[in-house]
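Colleague: Dropping in target_8.cif, with mmCIF, C-alpha atoms.
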```cif
data_run
loop_
_atom_site.group_PDB
_atom_site.id
_atom_site.type_symbol
_atom_site.label_atom_id
_atom_site.label_comp_id
_atom_site.auth_asym_id
_atom_site.auth_seq_id
_atom_site.Cartn_x
_atom_site.Cartn_y
_atom_site.Cartn_z
ATOM 1 C CA MET T 1 -27.545 -11.674 -16.316
ATOM 2 C CA LEU T 2 -27.564 -14.405 -13.718
ATOM 3 C CA LEU T 3 -30.854 -15.902 -12.672
ATOM 4 C CA GLY T 4 -31.744 -18.087 -9.763
ATOM 5 C CA SER T 5 -30.045 -18.574 -6.452
ATOM 6 C CA ALA T 6 -26.490 -18.108 -7.784
ATOM 7 C CA ALA T 7 -26.934 -14.390 -8.508
ATOM 8 C CA PRO T 8 -27.063 -13.147 -4.886
ATOM 9 C CA VAL T 9 -24.090 -15.316 -3.901
ATOM 10 C CA ARG T 10 -22.009 -14.070 -6.822
ATOM 11 C CA ALA T 11 -22.978 -10.479 -6.078
ATOM 12 C CA LEU T 12 -21.866 -10.941 -2.483
ATOM 13 C CA ALA T 13 -18.626 -12.579 -3.629
ATOM 14 C CA ALA T 14 -17.920 -9.617 -5.921
ATOM 15 C CA LEU T 15 -18.505 -7.150 -3.083
ATOM 16 C CA LEU T 16 -16.254 -9.128 -0.763
ATOM 17 C CA PHE T 17 -13.507 -9.180 -3.382
ATOM 18 C CA ILE T 18 -13.753 -5.444 -4.080
ATOM 19 C CA ASN T 19 -13.971 -4.628 -0.385
ATOM 20 C CA GLY T 20 -10.932 -6.793 0.364
ATOM 21 C CA TYR T 21 -8.903 -4.834 -2.172
ATOM 22 C CA TYR T 22 -10.022 -1.320 -1.298
ATOM 23 C CA GLU T 23 -10.125 -1.702 2.452
ATOM 24 C CA PHE T 24 -6.555 -2.942 2.366
ATOM 25 C CA PHE T 25 -5.570 0.381 0.807
ATOM 26 C CA ASN T 26 -7.536 2.229 3.491
ATOM 27 C CA LEU T 27 -5.429 0.330 6.018
ATOM 28 C CA ALA T 28 -2.276 1.260 4.117
ATOM 29 C CA GLY T 29 -3.323 4.906 4.103
ATOM 30 C CA ALA T 30 -3.698 4.818 7.866
ATOM 31 C CA PHE T 31 -0.271 3.294 8.516
ATOM 32 C CA LEU T 32 1.923 4.431 5.611
ATOM 33 C CA SER T 33 2.700 7.641 3.821
ATOM 34 C CA SER T 34 2.832 7.957 0.048
ATOM 35 C CA PRO T 35 5.330 6.172 -2.196
ATOM 36 C CA TRP T 36 6.556 9.641 -3.178
ATOM 37 C CA THR T 37 7.456 10.377 0.437
ATOM 38 C CA MET T 38 9.297 7.084 0.732
ATOM 39 C CA GLU T 39 11.142 7.843 -2.482
ATOM 40 C CA SER T 40 12.079 11.247 -1.073
ATOM 41 C CA PHE T 41 13.362 10.023 2.317
ATOM 42 C CA GLY T 42 14.277 6.366 1.716
ATOM 43 C CA GLY T 43 17.927 7.117 0.963
ATOM 44 C CA ASP T 44 18.435 7.456 4.712
ATOM 45 C CA PRO T 45 19.107 3.884 5.937
ATOM 46 C CA GLY T 46 17.182 4.406 9.194
ATOM 47 C CA LYS T 47 14.141 5.881 7.464
ATOM 48 C CA ASN T 48 14.295 3.173 4.811
ATOM 49 C CA ALA T 49 14.302 0.433 7.454
ATOM 50 C CA SER T 50 11.440 2.124 9.288
ATOM 51 C CA ALA T 51 9.372 2.392 6.099
ATOM 52 C CA ARG T 52 9.940 -1.283 5.282
ATOM 53 C CA LYS T 53 8.897 -2.186 8.848
ATOM 54 C CA TYR T 54 5.585 -0.368 8.401
ATOM 55 C CA VAL T 55 4.980 -2.006 5.019
ATOM 56 C CA ARG T 56 5.444 -5.425 6.655
ATOM 57 C CA ARG T 57 3.152 -4.470 9.547
ATOM 58 C CA THR T 58 0.473 -3.211 7.156
ATOM 59 C CA VAL T 59 0.566 -6.452 5.171
ATOM 60 C CA ALA T 60 0.357 -8.451 8.421
ATOM 61 C CA ARG T 61 -2.611 -6.390 9.688
ATOM 62 C CA GLY T 62 -4.371 -6.800 6.359
ATOM 63 C CA ALA T 63 -3.822 -10.548 6.457
ATOM 64 C CA LEU T 64 -5.232 -10.831 9.984
ATOM 65 C CA VAL T 65 -8.342 -8.777 9.254
ATOM 66 C CA THR T 66 -8.894 -10.588 5.974
ATOM 67 C CA GLY T 67 -8.526 -13.941 7.722
ATOM 68 C CA ALA T 68 -11.372 -12.901 9.992
ATOM 69 C CA GLY T 69 -13.406 -11.863 6.945
ATOM 70 C CA VAL T 70 -12.842 -15.264 5.356
ATOM 71 C CA ALA T 71 -13.838 -17.029 8.584
ATOM 72 C CA ILE T 72 -16.997 -14.942 8.959
ATOM 73 C CA SER T 73 -18.111 -15.081 5.319
ATOM 74 C CA GLY T 74 -17.009 -18.624 4.559
ATOM 75 C CA MET T 75 -15.703 -17.313 1.216
ATOM 76 C CA TRP T 76 -12.191 -16.748 -0.069
ATOM 77 C CA TRP T 77 -12.957 -13.524 -1.975
ATOM 78 C CA PRO T 78 -11.744 -11.132 0.734
ATOM 79 C CA LEU T 79 -8.386 -12.939 0.791
ATOM 80 C CA ILE T 80 -8.087 -12.800 -2.979
ATOM 81 C CA GLY T 81 -8.786 -9.056 -3.078
ATOM 82 C CA THR T 82 -6.470 -8.308 -0.181
ATOM 83 C CA SER T 83 -3.694 -10.458 -1.637
ATOM 84 C CA ILE T 84 -3.755 -8.550 -4.914
ATOM 85 C CA ALA T 85 -3.697 -5.239 -3.027
ATOM 86 C CA ALA T 86 -0.862 -6.410 -0.759
ATOM 87 C CA VAL T 87 1.300 -7.426 -3.717
ATOM 88 C CA ASP T 88 0.531 -4.099 -5.428
ATOM 89 C CA LEU T 89 1.433 -2.174 -2.272
ATOM 90 C CA TRP T 90 4.611 -4.182 -1.673
ATOM 91 C CA LEU T 91 5.839 -3.670 -5.246
ATOM 92 C CA THR T 92 4.999 0.043 -5.247
ATOM 93 C CA TYR T 93 6.677 0.867 -1.935
ATOM 94 C CA ASN T 94 9.623 -1.450 -2.506
ATOM 95 C CA GLY T 95 10.222 0.235 -5.865
ATOM 96 C CA ALA T 96 10.062 3.697 -4.285
ATOM 97 C CA LEU T 97 12.484 2.692 -1.536
ATOM 98 C CA ALA T 98 14.869 1.059 -4.010
ATOM 99 C CA LYS T 99 14.877 4.236 -6.103
ATOM 100 C CA ALA T 100 15.614 6.283 -2.980
ATOM 101 C CA GLU T 101 18.507 3.976 -2.122
ATOM 102 C CA GLN T 102 19.959 4.461 -5.619
ATOM 103 C CA SER T 103 19.516 8.238 -5.625
ATOM 104 C CA GLY T 104 20.500 8.744 -1.980
ATOM 105 C CA SER T 105 17.468 10.979 -1.448
ATOM 106 C CA VAL T 106 17.046 11.763 2.266
ATOM 107 C CA GLY T 107 14.772 14.794 2.315
ATOM 108 C CA TRP T 108 12.551 17.289 0.585
ATOM 109 C CA GLU T 109 15.320 19.116 -1.252
ATOM 110 C CA SER T 110 15.710 18.575 -4.975
ATOM 111 C CA SER T 111 18.659 16.414 -5.970
ATOM 112 C CA SER T 112 18.886 18.510 -9.172
ATOM 113 C CA GLY T 113 19.284 21.762 -7.216
ATOM 114 C CA GLN T 114 16.163 23.132 -8.915
ATOM 115 C CA GLY T 115 13.928 22.960 -5.860
ATOM 116 C CA TRP T 116 13.029 25.647 -3.315
ATOM 117 C CA LYS T 117 16.606 25.971 -2.096
ATOM 118 C CA GLY T 118 17.718 26.964 -5.588
ATOM 119 C CA LEU T 119 15.599 30.136 -5.581
ATOM 120 C CA THR T 120 17.355 33.443 -5.055
ATOM 121 C CA TRP T 121 14.630 35.178 -3.060
#
```
Would you mind writing the structure in this file as structure tokens?

Modeller:
Amino acid sequence: MLLGSAAPVRALAALLFINGYYEFFNLAGAFLSSPWTMESFGGDPGKNASARKYVRRTVARGALVTGAGVAISGMWWPLIGTSIAAVDLWLTYNGALAKAEQSGSVGWESSSGQGWKGLTW
């Protein structure tokens, strides 16, 4: 347990770090769909390019908002949290899009033929 004047500052730093991480994902949720969707449609070159554009825009928006948070708070914790989230997001979506490129998946149908279209009803 921290005592003295350092405890409130460290508590604030922890909240700024956590908020930087989670609010970045709120931003991503507002501007991107799920990695599963990107994996399903990313085999289409146009949709793949569009998805990558929105990933870049989301990272840029997060960086701008976090820069303001750093300027207002005078602490680097929001940037640290957001940076970790941005790398996580980039790797997740890039992996989903790369898998879609390899599989050629361009829609909801099952590439195995076992999806809804494979039913006889």

Colleague: Got a sec: who's within 10 Å of stretch 72-86 of chain T, counting all atoms listed in the file, leaving out chain neighbours fewer than 2 positions off, as a PyMOL selection string?

Modeller: chain T and resi 12-25+28+55-56+58-60+62-70+88-92

Colleague: Which residues, named as in the file, does the PyMOL selection byres ((chain T and resi 97) around 7) pick out? Answer as a PyMOL selection string.

Modeller: chain T and resi 38-39+42+48+93-96+98-101

Colleague: What does the distance between atom CA of T:Leu27 and atom CA of T:Ser50 come to in Å, to one decimal place?

Modeller: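 These two atoms are separated by 17.3 Å.
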
Colleague: Could you please determine the separation between atom CA of T:Asp44 and atom CA of T:Gly107 in Å, to one decimal place?

Modeller: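 For atom CA of T:Asp44 relative to atom CA of T:Gly107, the distance reads 8.5 Å.
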
Colleague: Atom CA of T:Ser105 to atom CA of T:Ser40: how many Å, to one decimal?

Modeller: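 Atom-to-atom, atom CA of T:Ser105 to atom CA of T:Ser40, that is 5.4 Å.
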
Colleague: Give the centre and edge lengths of an axis-aligned box, in Å to one decimal, that holds all listed atoms of stretch 79-98 of chain T with 5 Å on each side, as JSON.

Modeller:
```
{"center_x": 3.0, "center_y": -4.6, "center_z": -2.5, "size_x": 33.7, "size_y": 26.6, "size_z": 16.7}
```

Colleague: So, with only C-alpha atoms as the atoms that count, which of T:Val87, T:Arg52, T:Ser103, T:Gly46 lies closest to T:Ser33?

Modeller: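 Closest candidate: T:Arg52.
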
Colleague: Nearest to T:Phe31: which of T:Gln102, T:Arg57, T:Pro8, T:Pro45 is it, counting only C-alpha atoms?

Modeller: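 Nearest to T:Phe31: T:Arg57.
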
Colleague: Reconstruct N, CA and C atoms of stretch 8-21 of chain T; output as a JSON list (two decimals), keeping the file's coordinate frame.

Modeller:
```
[["chain", "number", "residue", "atom", "x", "y", "z"],
["T", 8, "PRO", "N", -27.40, -13.85, -6.13],
["T", 8, "PRO", "CA", -27.06, -13.15, -4.89],
["T", 8, "PRO", "C", -25.71, -13.57, -4.31],
["T", 9, "VAL", "N", -25.36, -14.83, -4.43],
["T", 9, "VAL", "CA", -24.09, -15.32, -3.90],
["T", 9, "VAL", "C", -22.93, -14.71, -4.69],
["T", 10, "ARG", "N", -23.07, -14.65, -6.01],
["T", 10, "ARG", "CA", -22.01, -14.07, -6.82],
["T", 10, "ARG", "C", -21.89, -12.57, -6.59],
["T", 11, "ALA", "N", -23.01, -11.91, -6.38],
["T", 11, "ALA", "CA", -22.98, -10.48, -6.08],
["T", 11, "ALA", "C", -22.25, -10.23, -4.76],
["T", 12, "LEU", "N", -22.54, -11.06, -3.77],
["T", 12, "LEU", "CA", -21.87, -10.94, -2.48],
["T", 12, "LEU", "C", -20.37, -11.23, -2.64],
["T", 13, "ALA", "N", -20.03, -12.24, -3.41],
["T", 13, "ALA", "CA", -18.63, -12.58, -3.63],
["T", 13, "ALA", "C", -17.90, -11.41, -4.29],
["T", 14, "ALA", "N", -18.53, -10.76, -5.25],
["T", 14, "ALA", "CA", -17.92, -9.62, -5.92],
["T", 14, "ALA", "C", -17.68, -8.48, -4.93],
["T", 15, "LEU", "N", -18.67, -8.21, -4.09],
["T", 15, "LEU", "CA", -18.50, -7.15, -3.08],
["T", 15, "LEU", "C", -17.40, -7.48, -2.09],
["T", 16, "LEU", "N", -17.31, -8.72, -1.69],
["T", 16, "LEU", "CA", -16.25, -9.13, -0.76],
["T", 16, "LEU", "C", -14.87, -8.97, -1.40],
["T", 17, "PHE", "N", -14.77, -9.32, -2.68],
["T", 17, "PHE", "CA", -13.51, -9.18, -3.38],
["T", 17, "PHE", "C", -13.11, -7.71, -3.47],
["T", 18, "ILE", "N", -14.03, -6.87, -3.94],
["T", 18, "ILE", "CA", -13.75, -5.44, -4.08],
["T", 18, "ILE", "C", -13.43, -4.82, -2.73],
["T", 19, "ASN", "N", -14.20, -5.17, -1.72],
["T", 19, "ASN", "CA", -13.97, -4.63, -0.38],
["T", 19, "ASN", "C", -12.61, -5.07, 0.16],
["T", 20, "GLY", "N", -12.24, -6.31, -0.08],
["T", 20, "GLY", "CA", -10.93, -6.79, 0.36],
["T", 20, "GLY", "C", -9.80, -5.97, -0.23],
["T", 21, "TYR", "N", -9.94, -5.62, -1.50],
["T", 21, "TYR", "CA", -8.90, -4.83, -2.17],
["T", 21, "TYR", "C", -8.87, -3.41, -1.64]]
```
